[in-house]
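J.: There's a structure below that I have some questions on.
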Amino acid sequence: MAKIKQLSQLEAQKIAAGEVVERPANVVKELVENSLDAGSTQISLFLEDGGKKLIKIVDNGCGMSPEDARLSIKQYATSKIDKVDDLEWISTFGFRGEALASISAVSKLNLITKEETNQLAIALEINQANIEKETFIASNTGTEISIEDLFFNVIVRKKFLKSKDTELRAIIQLFYAFVLQNLNVSFKIYHDNKLLYNCPATNDTKSRIAQIFDANLAQNILILDKISDNMGLKISGAISKPEYFRYDKNQIFVFVNKRWVKNYKLSSAIIKGYQGMLQTDRYPAGAIFITIDQKFVDINIHPRKEEVQFLHPVVVEKFIESAVKEALENNFDKNLGKNENINFIKKSEENKLNTKNYNFEPKFYNQENLNNFTKEFKENNLEKKLEENKNFIQIIENAFSSPEIISQDTKNSKIIFENQPDDINNKNKESITNISQDALEYTLIGQTKLTYIIIETAEGLVFIDQHAAHERIMYEKLKTNFKNVPRIKLLFPQIITLNQNDIKTLIPYLVLFEDFGLIIEHLNLNQLVLKEAPIFLNSQPVEDLLAQAVSLIDQNQESELILIQEKLQEKLHAQLSCKAAIRAGDQLSIETMNQIVKDLYKIENKLTCPHGRPTIWALSEYEIEKKFKRNYK
Ligand code: ADP
Ligand code: MG
């Protein structure tokens with residue numbers, strides 16, 4: 001066996017550094033925390049190459065004396081605790097006097113600092129934990145620390161650093177958290193000499209959110225404020241109204257006792273509070289501050305982890321969920337109380353008119369019957385029903401591709417619709433005489449609630465969600481011949497405003513959209529411009545589409561480009577078909593309804609829309625008979 005050797009001080013320190021810093025964002029966290037501890041009211045960050053080349057922080061805090069400056073980079077050097085007895089305090093805030101020492105061991109660190117009472121600032125050049133140069137220069141009170149070439153002497157770690165964009169994203173996420181939590185501090189962040197965010201001090205979370213997220217979000221914010229008589233539990237902060245949403249959880253921030261924590265359960269609790277108000281896959285934005293008696297919480301002291309453990313997690317989660325729910329409900333009530341009341345009445349009037357507007361009204365189904373059907377349809381859990389009816393749907397599917405059954409059942413069809421327009425009858429006759437493999441024998445009953453197409457087939461009644469079905473049809477069409485889609489040059493190019501971070505993410509991928517008929521160009525820091533679009537997009541806003549693309553790129557950062565491309569393509573197809581598809585509320589002509597039914601039944605994946613919602617729900621003849629107590633055999 002090899003002889004035991006003691007590692008040199010520097011080697012040991014390099015290893016220890018791994019405990020504190022793994023990536024540029026960890027360094028930023030330590031530095032910003034130090035600046036805040038020093039009472040700074042202005043903090044500026046300058047980054048190069050995602051922080052890999054340079055992280056510089058400039059603050060206007062209390063600064064350090066020359067002696068303290070020299071000591072600050074030594075191990076276990078801290079001004080924040082005196083004795084080991086302060087351990088409880090340490091565990092709360094994580095002071096260990098280790099950060100600067102560790103960082104200096106794995107980088108080239110420059111420190112310039114001046115206390116108010118001193119004339120000159122001390123400037124130290126530190127290379128791998130060694131002070132190599134010391135000078136005195138003129139400078140403002142406060143501290144400037146720059147970290148160059150992180151991990152230049154720890155090749156394994158350097159190798160594991162991610163791309164510039166990924167590292168920058170992690171830093172920006174952290175920056176958001178600091179900014180949200182410290183309203184009274186002005187923050188700025190630059191990357192490669194460009195100002196990314198300028199956030200002057202403010203006195204409310206709402207305007208803070210506006211500074212860093214979309215302007216869109218600022219108008220859609222609700223304030224949270226709730227106190228529990230349990231465990232000193234309190235919640236404050238702000239959340240987005242359901243009108244605003246993202247396709248990722250990147251704008252959900254939770255703080256527990258003033259520390260940003262990443263806890264899946266807590267963000268889930270927020271999302272749960274929105275139940276029924278946001279579609280699946282859509283997420284709110286928010287900054288939530290929870291205070292809880294120290295006794296009931298354990299915030300992991302590991303410097304890199306932002307984990308939190310509660311003694312009674314479920315109580316905390318329920319509390320968050322109910323606070324969110326209450327805020328949303330209050331907002332809803334308030335709106336109803338105001339002008340929307342009028343709209344509300346108008347809307348229901350419109351609905352009344354619309355229901356009379358069935359494309360044709362078969363005698364068998366009077367208004368009441370139809371309403372009941374729709375009601376039952378809505379009240380029942382679609383998913384479950386679909387499951388229950390799988391067998392039935394299977395039968396229908398078989399029936400559609402089996403000529404014998406079709407013709408037989410058409411003959412035996414017991415339900416008669418007297419006022420069917422002639423052209424339908426003719427078309428039906430045509431298809432009876434001309435049965436092909438994918439022909440479907442059905443009778444069109446009509447449209448209800450301007451949302452569902454109802455047809456009668458051999459087995460019973462089939463409801464088709466017009467939007468979901470058309471979406472699926474469009475999706476399949478797009479999938480096969482997207483490149484041939486005609487596109488138009490927009491007379492007035494559409495400006496798309498997104499947040500800077502999202503724009504940065506998108507820029508390298510903009511070419512990709514050309515394949516989809518979308519010519520999008522980079523305009524400025526937070527705007528893109530759409531110049532050409534596929535013709536069927538009907539000048540629908542593409543913000544949503546781009547937002548989805550951002551979350552997709554984010555989630556697949558480390559994947560091969562080709563994989564991202566494929567996934568993006570899939571999403572785009574789904575998204576474009578959704579935008580292009582007819583919507584619920586569109587009144588459909590008989591031709592359109594027939595077209596949808598026929599197209600849908602030709603498709604292999606006909607049972608769900610590209611987002612996974614069901615397109616078809618069938619009510620079997622058996623079930624109808626059961627309802628009327630006719631199945632007494
Ligand atoms: P800790 O924060 O746990 O004390 P650090 O290694 O992060 O350990 O910092 C060491 C010491 O350096 C701090 O205790 C503080 O006295 C001093 N220090 C670090 N950064 C600053 C700053 N920006 N302004 C003033 N003092 C600082
Ligand atoms: Mg520190």
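Order determines the names: the first chain of the structure tokens is A, the second B, and so forth; residues in each chain are numbered 1 upward, and ligands are numbered 1 upward as they are shown.
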Within 12 Å of stretch 524-526 of chain A, counting only C-alpha atoms, which residues qualify if same-chain residues fewer than 4 places away don't, as a PyMOL selection string?
T.: chain A and resi 194-197+212-215+495-507
J.: Which residues of chain A sit at most 6 Å from ligand 1, using only C-alpha atoms and all ligand atoms? Give each one's shortest atom pair and distance in Å (one decimal place), in chain and ascending residue order, as JSON lines.
T.:
```
{"residue": "A:Asn34", "atom": "CA", "partner": "ligand 1", "partner_atom_place_in_ligand_line": "20 (N)", "distance": 4.5}
{"residue": "A:Ser35", "atom": "CA", "partner": "ligand 1", "partner_atom_place_in_ligand_line": "23 (N)", "distance": 3.9}
{"residue": "A:Ala38", "atom": "CA", "partner": "ligand 1", "partner_atom_place_in_ligand_line": "24 (N)", "distance": 4.8}
{"residue": "A:Gly61", "atom": "CA", "partner": "ligand 1", "partner_atom_place_in_ligand_line": "24 (N)", "distance": 5.7}
{"residue": "A:Cys62", "atom": "CA", "partner": "ligand 1", "partner_atom_place_in_ligand_line": "25 (C)", "distance": 5.6}
{"residue": "A:Gly63", "atom": "CA", "partner": "ligand 1", "partner_atom_place_in_ligand_line": "25 (C)", "distance": 4.2}
{"residue": "A:Met64", "atom": "CA", "partner": "ligand 1", "partner_atom_place_in_ligand_line": "25 (C)", "distance": 5.3}
{"residue": "A:Ser72", "atom": "CA", "partner": "ligand 1", "partner_atom_place_in_ligand_line": "12 (O)", "distance": 4.2}
{"residue": "A:Ala77", "atom": "CA", "partner": "ligand 1", "partner_atom_place_in_ligand_line": "10 (C)", "distance": 5.5}
{"residue": "A:Thr78", "atom": "CA", "partner": "ligand 1", "partner_atom_place_in_ligand_line": "14 (O)", "distance": 3.4}
{"residue": "A:Ser79", "atom": "CA", "partner": "ligand 1", "partner_atom_place_in_ligand_line": "14 (O)", "distance": 3.9}
{"residue": "A:Lys80", "atom": "CA", "partner": "ligand 1", "partner_atom_place_in_ligand_line": "14 (O)", "distance": 5.2}
{"residue": "A:Phe95", "atom": "CA", "partner": "ligand 1", "partner_atom_place_in_ligand_line": "3 (O)", "distance": 3.4}
{"residue": "A:Arg96", "atom": "CA", "partner": "ligand 1", "partner_atom_place_in_ligand_line": "3 (O)", "distance": 4.1}
{"residue": "A:Gly97", "atom": "CA", "partner": "ligand 1", "partner_atom_place_in_ligand_line": "8 (O)", "distance": 3.2}
{"residue": "A:Glu98", "atom": "CA", "partner": "ligand 1", "partner_atom_place_in_ligand_line": "6 (O)", "distance": 4.4}
{"residue": "A:Ala99", "atom": "CA", "partner": "ligand 1", "partner_atom_place_in_ligand_line": "6 (O)", "distance": 3.8}
{"residue": "A:Leu100", "atom": "CA", "partner": "ligand 1", "partner_atom_place_in_ligand_line": "6 (O)", "distance": 3.8}
{"residue": "A:Ala101", "atom": "CA", "partner": "ligand 1", "partner_atom_place_in_ligand_line": "6 (O)", "distance": 5.7}
{"residue": "A:Thr143", "atom": "CA", "partner": "ligand 1", "partner_atom_place_in_ligand_line": "23 (N)", "distance": 5.1}
```
J.: At a cut-off of 10 Å, using only C-alpha atoms, what residues contact A:Ile147? Leave out same-chain residues fewer than 2 positions from it and give the result as a VMD selection string.
T.: chain A and resid 24 27 to 28 47 51 to 57 103 to 104 106 to 111 126 145 149 to 150
J.: Export C-alpha atoms of the chosen residues as a PDB file, in the first residue's frame?
T.:
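The resulting part.pdb:
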```
ATOM      1  CA  PRO A  24     -20.702  30.189 -10.118  1.00  0.00           C
ATOM      2  CA  VAL A  27     -20.133  31.951  -5.285  1.00  0.00           C
ATOM      3  CA  VAL A  28     -22.648  34.670  -6.092  1.00  0.00           C
ATOM      4  CA  LEU A  47     -20.474  38.623 -14.711  1.00  0.00           C
ATOM      5  CA  GLY A  51     -19.631  33.712 -14.070  1.00  0.00           C
ATOM      6  CA  LYS A  52     -16.988  31.243 -15.173  1.00  0.00           C
ATOM      7  CA  LYS A  53     -14.579  33.951 -16.255  1.00  0.00           C
ATOM      8  CA  LEU A  54     -15.568  36.693 -13.846  1.00  0.00           C
ATOM      9  CA  ILE A  55     -17.865  37.331 -10.904  1.00  0.00           C
ATOM     10  CA  LYS A  56     -17.496  40.810  -9.512  1.00  0.00           C
ATOM     11  CA  ILE A  57     -19.580  42.309  -6.743  1.00  0.00           C
ATOM     12  CA  ILE A 103     -13.416  30.626  -2.958  1.00  0.00           C
ATOM     13  CA  SER A 104      -9.955  32.160  -2.799  1.00  0.00           C
ATOM     14  CA  VAL A 106      -9.966  27.866  -6.244  1.00  0.00           C
ATOM     15  CA  SER A 107      -9.728  31.181  -8.087  1.00  0.00           C
ATOM     16  CA  LYS A 108      -7.906  34.452  -8.469  1.00  0.00           C
ATOM     17  CA  LEU A 109      -9.538  36.797  -6.015  1.00  0.00           C
ATOM     18  CA  ASN A 110      -9.204  40.558  -5.842  1.00  0.00           C
ATOM     19  CA  LEU A 111     -10.500  42.433  -2.845  1.00  0.00           C
ATOM     20  CA  ILE A 126      -4.977  36.787  -3.900  1.00  0.00           C
ATOM     21  CA  ILE A 145     -14.617  41.517  -4.687  1.00  0.00           C
ATOM     22  CA  ASP A 149     -11.270  31.977 -13.513  1.00  0.00           C
ATOM     23  CA  LEU A 150     -13.191  29.907 -11.019  1.00  0.00           C
TER      24      LEU A 150
END
```
J.: Pick out the residues sitting within 9 Å of A:Ile288, and hand them over as a list in words; count only C-alpha atoms, and ignore anything fewer than 3 positions along from it in its own chain.
T.: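 Listing them by chain and then by number gives Leu224, Ile235, Ser236, Gly237, Ala238, Ile239, Ile252, Phe253, Val254, Phe255, Val256, Ile270 and Ile320 of chain A.
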J.: Fewer than 2 positions away in the same chain doesn't count, so skip those; otherwise give me all residues within 12 Å of A:Ala210, counting only C-alpha atoms, as a PyMOL selection string.
T.: chain A and resi 176+179-180+197-200+202+204-208+212-221+238-240+251+285-287+499
J.: Output the selection as a CSV table (one decimal), in the first residue's frame - N, CA, C and O atoms for each residue.
T.:
```csv
chain,number,residue,atom,x,y,z
A,176,TYR,N,-33.0,36.8,-8.6
A,176,TYR,CA,-34.5,37.1,-8.4
A,176,TYR,C,-34.8,36.9,-6.9
A,176,TYR,O,-35.5,37.7,-6.4
A,179,VAL,N,-33.5,39.7,-4.8
A,179,VAL,CA,-34.2,40.9,-5.1
A,179,VAL,C,-35.6,40.9,-4.5
A,179,VAL,O,-36.0,41.9,-3.9
A,180,LEU,N,-36.2,39.8,-4.6
A,180,LEU,CA,-37.6,39.6,-4.0
A,180,LEU,C,-37.6,39.8,-2.5
A,180,LEU,O,-38.5,40.2,-1.9
A,197,TYR,N,-30.6,43.5,-15.4
A,197,TYR,CA,-31.7,44.0,-14.6
A,197,TYR,C,-31.2,45.2,-13.7
A,197,TYR,O,-30.1,45.1,-13.2
A,198,ASN,N,-32.0,46.1,-13.7
A,198,ASN,CA,-31.8,47.2,-12.8
A,198,ASN,C,-33.0,47.3,-11.8
A,198,ASN,O,-34.1,47.6,-12.3
A,199,CYS,N,-32.8,47.1,-10.6
A,199,CYS,CA,-33.9,47.0,-9.6
A,199,CYS,C,-33.7,48.0,-8.5
A,199,CYS,O,-33.1,47.6,-7.4
A,200,PRO,N,-34.1,49.2,-8.6
A,200,PRO,CA,-34.0,50.2,-7.5
A,200,PRO,C,-34.8,49.7,-6.3
A,200,PRO,O,-35.8,49.0,-6.5
A,202,THR,N,-37.4,49.5,-3.4
A,202,THR,CA,-38.8,49.7,-3.5
A,202,THR,C,-39.5,49.4,-2.1
A,202,THR,O,-38.8,48.8,-1.3
A,204,ASP,N,-42.7,47.7,-2.0
A,204,ASP,CA,-43.6,46.5,-2.0
A,204,ASP,C,-43.2,45.4,-3.0
A,204,ASP,O,-42.6,45.7,-4.1
A,205,THR,N,-43.6,44.2,-2.7
A,205,THR,CA,-43.3,43.1,-3.5
A,205,THR,C,-43.8,43.2,-4.9
A,205,THR,O,-43.2,42.7,-5.8
A,206,LYS,N,-45.0,43.8,-5.0
A,206,LYS,CA,-45.7,43.9,-6.2
A,206,LYS,C,-44.8,44.6,-7.3
A,206,LYS,O,-44.6,44.1,-8.4
A,207,SER,N,-44.2,45.8,-6.9
A,207,SER,CA,-43.4,46.5,-7.9
A,207,SER,C,-42.1,45.8,-8.1
A,207,SER,O,-41.5,45.9,-9.2
A,208,ARG,N,-41.6,45.1,-7.1
A,208,ARG,CA,-40.4,44.3,-7.2
A,208,ARG,C,-40.6,43.3,-8.3
A,208,ARG,O,-39.8,43.0,-9.2
A,212,ILE,N,-38.6,42.6,-12.2
A,212,ILE,CA,-37.8,41.4,-12.7
A,212,ILE,C,-38.6,40.5,-13.7
A,212,ILE,O,-38.0,39.9,-14.6
A,213,PHE,N,-39.9,40.4,-13.5
A,213,PHE,CA,-40.7,39.6,-14.4
A,213,PHE,C,-41.4,40.4,-15.4
A,213,PHE,O,-41.2,41.6,-15.5
A,214,ASP,N,-42.2,39.8,-16.3
A,214,ASP,CA,-42.9,40.6,-17.3
A,214,ASP,C,-43.7,41.7,-16.8
A,214,ASP,O,-44.3,41.6,-15.7
A,215,ALA,N,-43.8,42.7,-17.6
A,215,ALA,CA,-44.7,43.8,-17.3
A,215,ALA,C,-46.1,43.3,-17.2
A,215,ALA,O,-46.9,43.8,-16.4
A,216,ASN,N,-46.4,42.3,-18.0
A,216,ASN,CA,-47.7,41.6,-18.0
A,216,ASN,C,-48.1,41.2,-16.6
A,216,ASN,O,-49.3,41.3,-16.2
A,217,LEU,N,-47.1,40.6,-15.9
A,217,LEU,CA,-47.4,40.1,-14.6
A,217,LEU,C,-47.8,41.1,-13.6
A,217,LEU,O,-48.6,40.9,-12.7
A,218,ALA,N,-47.2,42.3,-13.7
A,218,ALA,CA,-47.3,43.4,-12.7
A,218,ALA,C,-48.8,43.7,-12.5
A,218,ALA,O,-49.3,44.0,-11.4
A,219,GLN,N,-49.6,43.7,-13.6
A,219,GLN,CA,-51.0,44.0,-13.5
A,219,GLN,C,-51.8,42.8,-13.0
A,219,GLN,O,-53.0,43.0,-12.9
A,220,ASN,N,-51.2,41.7,-12.9
A,220,ASN,CA,-51.9,40.5,-12.5
A,220,ASN,C,-51.5,39.9,-11.2
A,220,ASN,O,-51.4,38.7,-11.1
A,221,ILE,N,-51.3,40.8,-10.2
A,221,ILE,CA,-50.7,40.4,-9.0
A,221,ILE,C,-51.7,40.5,-7.8
A,221,ILE,O,-52.5,41.5,-7.7
A,238,ALA,N,-46.8,37.8,-2.7
A,238,ALA,CA,-47.7,38.1,-3.8
A,238,ALA,C,-47.7,36.9,-4.8
A,238,ALA,O,-46.7,36.2,-5.0
A,239,ILE,N,-48.9,36.7,-5.4
A,239,ILE,CA,-49.0,35.6,-6.4
A,239,ILE,C,-49.7,36.2,-7.6
A,239,ILE,O,-50.3,37.2,-7.6
A,240,SER,N,-49.6,35.5,-8.7
A,240,SER,CA,-50.2,35.9,-10.0
A,240,SER,C,-51.7,35.5,-10.0
A,240,SER,O,-52.1,34.5,-9.5
A,251,GLN,N,-40.9,30.9,-11.9
A,251,GLN,CA,-41.3,32.2,-11.2
A,251,GLN,C,-42.0,32.0,-9.9
A,251,GLN,O,-42.7,32.8,-9.4
A,285,ALA,N,-47.0,32.5,-11.0
A,285,ALA,CA,-45.8,33.1,-10.5
A,285,ALA,C,-46.0,33.6,-9.1
A,285,ALA,O,-47.2,33.9,-8.8
A,286,GLY,N,-45.0,33.8,-8.3
A,286,GLY,CA,-45.3,34.3,-7.0
A,286,GLY,C,-44.0,34.3,-6.1
A,286,GLY,O,-43.1,33.6,-6.4
A,287,ALA,N,-44.1,35.2,-5.1
A,287,ALA,CA,-43.0,35.2,-4.1
A,287,ALA,C,-43.7,35.1,-2.8
A,287,ALA,O,-44.5,36.0,-2.5
A,499,ASN,N,-39.6,38.5,-21.0
A,499,ASN,CA,-38.5,39.0,-20.1
A,499,ASN,C,-37.1,38.7,-20.7
A,499,ASN,O,-37.0,37.8,-21.5
```
J.: If you count only C-alpha atoms, which residues fall within 12 Å of stretch 226-234 of chain A, apart from same-chain ones fewer than 6 positions away, as a PyMOL selection string?
T.: chain A and resi 255-257+288-297+310-313+315-327
J.: Generate a file of the selected residues that holds N, CA and C atoms, formatted as a PDB file, in the first residue's frame.
T.:
```
ATOM      1  N   PHE A 255     -39.854  31.552   0.429  1.00  0.00           N
ATOM      2  CA  PHE A 255     -38.866  31.891   1.450  1.00  0.00           C
ATOM      3  C   PHE A 255     -39.400  31.438   2.794  1.00  0.00           C
ATOM      4  N   VAL A 256     -38.554  30.785   3.557  1.00  0.00           N
ATOM      5  CA  VAL A 256     -38.957  30.387   4.899  1.00  0.00           C
ATOM      6  C   VAL A 256     -38.018  31.080   5.874  1.00  0.00           C
ATOM      7  N   ASN A 257     -38.588  31.798   6.789  1.00  0.00           N
ATOM      8  CA  ASN A 257     -37.806  32.590   7.746  1.00  0.00           C
ATOM      9  C   ASN A 257     -36.662  33.325   7.044  1.00  0.00           C
ATOM     10  N   ILE A 288     -43.495  34.015  -2.098  1.00  0.00           N
ATOM     11  CA  ILE A 288     -44.228  33.761  -0.865  1.00  0.00           C
ATOM     12  C   ILE A 288     -43.258  33.712   0.301  1.00  0.00           C
ATOM     13  N   PHE A 289     -43.574  34.467   1.318  1.00  0.00           N
ATOM     14  CA  PHE A 289     -42.700  34.518   2.493  1.00  0.00           C
ATOM     15  C   PHE A 289     -43.415  33.867   3.667  1.00  0.00           C
ATOM     16  N   ILE A 290     -42.797  32.829   4.177  1.00  0.00           N
ATOM     17  CA  ILE A 290     -43.405  32.136   5.305  1.00  0.00           C
ATOM     18  C   ILE A 290     -42.542  32.386   6.540  1.00  0.00           C
ATOM     19  N   THR A 291     -43.222  32.734   7.612  1.00  0.00           N
ATOM     20  CA  THR A 291     -42.501  32.843   8.873  1.00  0.00           C
ATOM     21  C   THR A 291     -43.082  31.777   9.780  1.00  0.00           C
ATOM     22  N   ILE A 292     -42.216  31.119  10.491  1.00  0.00           N
ATOM     23  CA  ILE A 292     -42.668  30.069  11.397  1.00  0.00           C
ATOM     24  C   ILE A 292     -41.703  30.031  12.573  1.00  0.00           C
ATOM     25  N   ASP A 293     -42.241  29.726  13.719  1.00  0.00           N
ATOM     26  CA  ASP A 293     -41.415  29.632  14.917  1.00  0.00           C
ATOM     27  C   ASP A 293     -40.248  28.671  14.668  1.00  0.00           C
ATOM     28  N   GLN A 294     -39.044  29.151  14.968  1.00  0.00           N
ATOM     29  CA  GLN A 294     -37.799  28.396  14.753  1.00  0.00           C
ATOM     30  C   GLN A 294     -37.891  26.941  15.240  1.00  0.00           C
ATOM     31  N   LYS A 295     -38.692  26.728  16.310  1.00  0.00           N
ATOM     32  CA  LYS A 295     -38.790  25.384  16.904  1.00  0.00           C
ATOM     33  C   LYS A 295     -39.370  24.355  15.936  1.00  0.00           C
ATOM     34  N   PHE A 296     -40.159  24.859  14.971  1.00  0.00           N
ATOM     35  CA  PHE A 296     -40.887  23.916  14.127  1.00  0.00           C
ATOM     36  C   PHE A 296     -40.267  23.731  12.748  1.00  0.00           C
ATOM     37  N   VAL A 297     -39.042  24.207  12.621  1.00  0.00           N
ATOM     38  CA  VAL A 297     -38.434  24.136  11.302  1.00  0.00           C
ATOM     39  C   VAL A 297     -36.954  23.826  11.419  1.00  0.00           C
ATOM     40  N   PHE A 310     -40.003  20.693   7.955  1.00  0.00           N
ATOM     41  CA  PHE A 310     -40.924  21.164   8.985  1.00  0.00           C
ATOM     42  C   PHE A 310     -41.277  20.020   9.903  1.00  0.00           C
ATOM     43  N   LEU A 311     -41.580  20.381  11.137  1.00  0.00           N
ATOM     44  CA  LEU A 311     -42.014  19.369  12.086  1.00  0.00           C
ATOM     45  C   LEU A 311     -43.412  18.876  11.688  1.00  0.00           C
ATOM     46  N   HIS A 312     -44.236  19.822  11.200  1.00  0.00           N
ATOM     47  CA  HIS A 312     -45.582  19.443  10.755  1.00  0.00           C
ATOM     48  C   HIS A 312     -45.804  19.925   9.322  1.00  0.00           C
ATOM     49  N   PRO A 313     -45.197  19.241   8.372  1.00  0.00           N
ATOM     50  CA  PRO A 313     -45.231  19.751   6.992  1.00  0.00           C
ATOM     51  C   PRO A 313     -46.645  19.920   6.432  1.00  0.00           C
ATOM     52  N   VAL A 315     -49.432  20.665   7.880  1.00  0.00           N
ATOM     53  CA  VAL A 315     -50.104  21.862   8.384  1.00  0.00           C
ATOM     54  C   VAL A 315     -49.630  23.090   7.595  1.00  0.00           C
ATOM     55  N   VAL A 316     -48.330  23.152   7.375  1.00  0.00           N
ATOM     56  CA  VAL A 316     -47.766  24.290   6.643  1.00  0.00           C
ATOM     57  C   VAL A 316     -48.292  24.301   5.205  1.00  0.00           C
ATOM     58  N   GLU A 317     -48.292  23.143   4.560  1.00  0.00           N
ATOM     59  CA  GLU A 317     -48.752  23.064   3.173  1.00  0.00           C
ATOM     60  C   GLU A 317     -50.216  23.477   3.038  1.00  0.00           C
ATOM     61  N   LYS A 318     -51.026  22.971   3.974  1.00  0.00           N
ATOM     62  CA  LYS A 318     -52.459  23.311   3.931  1.00  0.00           C
ATOM     63  C   LYS A 318     -52.667  24.812   4.136  1.00  0.00           C
ATOM     64  N   PHE A 319     -51.857  25.348   5.005  1.00  0.00           N
ATOM     65  CA  PHE A 319     -51.944  26.777   5.304  1.00  0.00           C
ATOM     66  C   PHE A 319     -51.644  27.601   4.040  1.00  0.00           C
ATOM     67  N   ILE A 320     -50.593  27.213   3.349  1.00  0.00           N
ATOM     68  CA  ILE A 320     -50.230  27.913   2.114  1.00  0.00           C
ATOM     69  C   ILE A 320     -51.356  27.778   1.083  1.00  0.00           C
ATOM     70  N   GLU A 321     -51.803  26.553   0.920  1.00  0.00           N
ATOM     71  CA  GLU A 321     -52.843  26.290  -0.074  1.00  0.00           C
ATOM     72  C   GLU A 321     -54.070  27.155   0.196  1.00  0.00           C
ATOM     73  N   SER A 322     -54.476  27.205   1.477  1.00  0.00           N
ATOM     74  CA  SER A 322     -55.705  27.948   1.771  1.00  0.00           C
ATOM     75  C   SER A 322     -55.484  29.454   1.623  1.00  0.00           C
ATOM     76  N   ALA A 323     -54.280  29.929   1.948  1.00  0.00           N
ATOM     77  CA  ALA A 323     -54.008  31.363   1.783  1.00  0.00           C
ATOM     78  C   ALA A 323     -54.098  31.747   0.309  1.00  0.00           C
ATOM     79  N   VAL A 324     -53.543  30.914  -0.540  1.00  0.00           N
ATOM     80  CA  VAL A 324     -53.579  31.176  -1.984  1.00  0.00           C
ATOM     81  C   VAL A 324     -55.021  31.145  -2.484  1.00  0.00           C
ATOM     82  N   LYS A 325     -55.735  30.122  -2.052  1.00  0.00           N
ATOM     83  CA  LYS A 325     -57.120  29.967  -2.485  1.00  0.00           C
ATOM     84  C   LYS A 325     -57.953  31.182  -2.083  1.00  0.00           C
ATOM     85  N   GLU A 326     -57.787  31.609  -0.835  1.00  0.00           N
ATOM     86  CA  GLU A 326     -58.552  32.762  -0.345  1.00  0.00           C
ATOM     87  C   GLU A 326     -58.260  34.016  -1.168  1.00  0.00           C
ATOM     88  N   ALA A 327     -56.988  34.233  -1.439  1.00  0.00           N
ATOM     89  CA  ALA A 327     -56.609  35.430  -2.209  1.00  0.00           C
ATOM     90  C   ALA A 327     -57.264  35.385  -3.583  1.00  0.00           C
TER      91      ALA A 327
END
```
J.: What parts of stretch 94-214 of chain A does DSSP call strand (DSSP E)? I'd like the answer as a PyMOL selection string.
T.: chain A and resi 108-114+121-127+130-137+142-148+186-191+194-199
J.: Of the residues A:Phe332, A:Phe463, A:Trp260, A:Tyr76, which is the one nearest to A:Ala177, using only C-alpha atoms?
T.: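 Smallest separation from A:Ala177 among the options: A:Trp260.
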J.: DSSP on the backbone, then: every residue of stretch 474-593 of chain A marked helix (DSSP H, G or I), written as a ChimeraX atom specification.
T.: /A:474-481,500-514,535-537,543-555,561-580,590-593
